[in-house]
Amino acid sequence: MTLIVQKFGGTSVADPEKILAAARKAIRAQQEGHQVVVVVSAMGHNTDLLIDLAHQVNDRPPAREMDMLLSTGEQVSVALFAMAVHGLGHKAVSLTGGQIGIFTDSSYTKARIRSISSDRMRRLLDEGNIVVAAGFQGIDDDFNITTLGRGGSDTTAVALAAVLQADACEIHTDVDGVYTTDPRQLPEARQMSCIGYDEMLELASLGASVMHNRSIEFAKKYHVPIHVRSSFSDTQGTMIVANSESASAPVCGAALTRNEARITVQGVPDKPGMIFQIFKRLADQKIAVDMIVQNIGQDDRADISFTVPREEFQPTLIAVQEAAGAIGATGITHDEQVAKVSVVGLGMAKQTGVARKMFRALADAKINIQMITTSEIKISVLVHRDESLQALRAVHQAFELPKRPADAVKWDVSSASHANGADVNAVVADLQSADMEQLLLEDISLADDQARVTIVGVPNQPGLAANIFDAVAAAGIFVDMIVQSYDGFQGETSISFTIPRDQFDICLKVMHELGTKFKFRRAHGSKDIAKLSVSGIGMRSHTSVAIGMFEVLASAGINVEMINTSELRVNVVVASGAGQKALACVQQRFDANLR
Ligand code: ADP
Ligand code: ASP
Ligand code: MG
């Protein structure tokens, strides 16, 4: 008998009528011959209301008690859902995360799933019940209630689909599927018929809240095809499946994270270990850091800037103040009025000029870029929050996403079956191990054929990045990583990028010519750099990867010159002479996590 998991989000169970409508969908699936597990979120905005309530009795509620409180939202909806099924004449049993046996670690409010027991669900299904599981929650080894992080019911659904080897995992929500960007922000967004795991994972972690990013980590790791569709209609929806081999468009979607905060640690001594000192304190608190950029040292001091979600700003600042004191940095600046706009696409790895097109679109819209980071499959820029929607629209337009035909991405139907082919044994073994969300790495490698160019003292105004990368492209130079750092100093900024080593001299010449025109203070660089890359699944949510790299490089006395992160990969740039040593210590560190 086939088994399907159906998840209903908050809006889909917001009132009694909607609960009844969702219950009818579950019953219909059962009548079509499937065993049905339903995962339900808290009704409507109940989780927000509970958070609000907590803050009315305590500004900083203890995380354990927060989880005790938040889990009640889902407990209400599963009970009502099961009652609705009964009322419609069918059998259903509601279960909390603890009753199912969803064991997590003890990181309250952002717990990771360790194991899920399927026995009780199987028994209830075999007895003809619809199993109604509370999303977003689990228990730790001491039976404390934990939650998985906002939006985590998607992760519960995909994880249950994985352990039950479900034939389908349907995410029923309040939009028709996955769009090229949030259709509530840009009505011109287009629905996609299909998207690959890597692109979806990146989009989700950069702001496409339609899916919880960790649910896509599960899906990719355990080969769970996901069908995102509307709760309110029977339209086709979007399939999230293994990557299609040839995405032709360089960019498949754009995303906005409106509520970001930027923190800059100024005057950091330019020597190994400083980055580690700062970020280990954040990793200890599981704060996910993004857009890490450092100014290449001037006067033996560097500035390190990064972004965090705005709700993490206060704990981040406290941790960073402590770190700055410990390493002798000269100051900290921050800005809570920033937003991150990103474009994502597997195709950009194979095409030149994608970043340039994005910068030009922003320049034409007269939007100033405060920071830039790029990776193989995404480009992110930091802008003022007030300009962020306009920025999103400009880049969405520039890549012609509103025009994109809905079926532009091709996918292989056979790849949409659960745990297909030779992977079955690996998947089953993994599922039986006690740590479902553990870090899984695919590769650790070194590229030793690049050079770095850095321009400092650049007047920071709209059009700057566009002009620089237009000139670089006109000279036929192929750019790989790009970072632009925040630099409060007299409104100036600095940009670093990597290029093939044999293009270093020509690139410096082009930069000197441009420098006279645009008044840069200095263009310099290094002809010999090496890029060390660690790739795997969910590299950003597993903050331990970047931290582990920083740590071993620090203890080996190796300076990190540039960093970039995506969900697929963490790259760090070091001096070429230190490349092999860096590779060896990173390999040693992560040996146990390699697939
Ligand atoms: P649920 O309660 O069903 O989990 P969410 O609010 O978490 O629903 O997610 C659905 C919302 O995600 C949509 O209403 C939409 O505003 C937003 N969203 C953001 N990015 C995208 C995107 N690329 N495609 C579709 N929806 C998106
Ligand atoms: N109810 C939780 C939230 O609002 C989990 C979820 O809806 O996925 O974040
Ligand atoms: Mg959601």
# chains A, B, ... in the order shown; residues from 1 in each chain; ligands from 1

$ select_by_dssp --residues "segment 347-592 of chain A" --states "strand (DSSP E)" --output "ChimeraX atom specification"
/A:371-374,378-384,441-459,482-485,492-500,522-536,562-565,569-575

$ residues_near_ligand --ligand "ligand 2" --cutoff "6 Å" --atoms "only C-alpha atoms and all ligand atoms" --output "PDB file with N, CA, C and O atoms, in the first residue's frame"
ATOM      1  N   GLY A   9       0.019  23.961   6.430  1.00  0.00           N
ATOM      2  CA  GLY A   9       0.605  25.090   7.156  1.00  0.00           C
ATOM      3  C   GLY A   9      -0.449  25.881   7.906  1.00  0.00           C
ATOM      4  O   GLY A   9      -1.653  25.588   7.825  1.00  0.00           O
ATOM      5  N   GLY A  10       0.016  26.896   8.637  1.00  0.00           N
ATOM      6  CA  GLY A  10      -0.846  27.672   9.528  1.00  0.00           C
ATOM      7  C   GLY A  10      -2.083  28.255   8.861  1.00  0.00           C
ATOM      8  O   GLY A  10      -3.211  28.112   9.366  1.00  0.00           O
ATOM      9  N   SER A  41       0.559  22.455  11.264  1.00  0.00           N
ATOM     10  CA  SER A  41       1.161  23.602  11.974  1.00  0.00           C
ATOM     11  C   SER A  41       0.136  24.199  12.926  1.00  0.00           C
ATOM     12  O   SER A  41      -1.049  23.870  12.868  1.00  0.00           O
ATOM     13  N   ALA A  42       0.598  25.144  13.733  1.00  0.00           N
ATOM     14  CA  ALA A  42      -0.309  25.882  14.617  1.00  0.00           C
ATOM     15  C   ALA A  42      -1.283  26.693  13.764  1.00  0.00           C
ATOM     16  O   ALA A  42      -0.948  27.111  12.657  1.00  0.00           O
ATOM     17  N   THR A  47       1.463  30.924  16.563  1.00  0.00           N
ATOM     18  CA  THR A  47       2.832  30.903  17.101  1.00  0.00           C
ATOM     19  C   THR A  47       3.299  32.326  17.409  1.00  0.00           C
ATOM     20  O   THR A  47       3.917  32.583  18.441  1.00  0.00           O
ATOM     21  N   PHE A 136       6.926  20.593  13.851  1.00  0.00           N
ATOM     22  CA  PHE A 136       7.819  21.603  14.462  1.00  0.00           C
ATOM     23  C   PHE A 136       8.307  21.238  15.853  1.00  0.00           C
ATOM     24  O   PHE A 136       8.982  22.019  16.480  1.00  0.00           O
ATOM     25  N   ARG A 150      11.413  28.421  13.529  1.00  0.00           N
ATOM     26  CA  ARG A 150      10.228  28.905  12.826  1.00  0.00           C
ATOM     27  C   ARG A 150      10.111  28.270  11.446  1.00  0.00           C
ATOM     28  O   ARG A 150      11.104  28.146  10.725  1.00  0.00           O
ATOM     29  N   GLY A 151       8.906  27.877  11.107  1.00  0.00           N
ATOM     30  CA  GLY A 151       8.683  27.235   9.809  1.00  0.00           C
ATOM     31  C   GLY A 151       9.029  25.752   9.816  1.00  0.00           C
ATOM     32  O   GLY A 151       8.994  25.084   8.774  1.00  0.00           O
ATOM     33  N   GLY A 152       9.341  25.199  11.007  1.00  0.00           N
ATOM     34  CA  GLY A 152       9.898  23.846  11.096  1.00  0.00           C
ATOM     35  C   GLY A 152       8.943  22.696  10.808  1.00  0.00           C
ATOM     36  O   GLY A 152       9.382  21.552  10.710  1.00  0.00           O
ATOM     37  N   SER A 153       7.642  22.991  10.649  1.00  0.00           N
ATOM     38  CA  SER A 153       6.720  21.879  10.343  1.00  0.00           C
ATOM     39  C   SER A 153       7.047  21.238   8.993  1.00  0.00           C
ATOM     40  O   SER A 153       6.792  20.047   8.792  1.00  0.00           O
ATOM     41  N   ASP A 154       7.607  22.019   8.074  1.00  0.00           N
ATOM     42  CA  ASP A 154       8.015  21.433   6.787  1.00  0.00           C
ATOM     43  C   ASP A 154       9.069  20.356   7.040  1.00  0.00           C
ATOM     44  O   ASP A 154       9.066  19.297   6.407  1.00  0.00           O
TER      45      ASP A 154
END

$ residues_near_ligand --ligand "ligand 3" --cutoff "12 Å" --atoms "only C-alpha atoms and all ligand atoms" --output "NGL selection string"
:A and (7-12 or 39-45 or 47 or 135-136 or 149-157 or 171-175 or 204 or 207-215 or 228)

$ atom_distance --atom1 "atom CA of Cys585 of chain A" --atom2 "atom CA of Asn295 of chain A"
25.1 Å

$ closest_residue --among "A:Asn564, A:Thr181, A:Gln191, A:Ser445" --to "Ala582 of chain A" --atoms "only C-alpha atoms"
A:Ser445

$ atom_distance --atom1 "atom CA of Phe520 of chain A" --atom2 "atom CA of Thr373 of chain A"
20.3 Å

$ residues_around --residues "Ser496 of chain A" --least-positions-apart "2" --cutoff "6 Å" --atoms "only C-alpha atoms" --output "ChimeraX atom specification"
/A:453-454,482-483

$ residues_around --residues "Val36 of chain A" --least-positions-apart "3" --cutoff "6 Å" --atoms "only C-alpha atoms" --output "number ranges by chain"
A: 3-5, 130

$ atom_distance --atom1 "atom CA of Gln285 of chain A" --atom2 "atom CA of Ser533 of chain A"
24.6 Å

$ closest_residue --among "A:Leu49, A:Ser375, A:Phe497, A:Ser380" --to "Val570 of chain A" --atoms "only C-alpha atoms"
A:Ser375
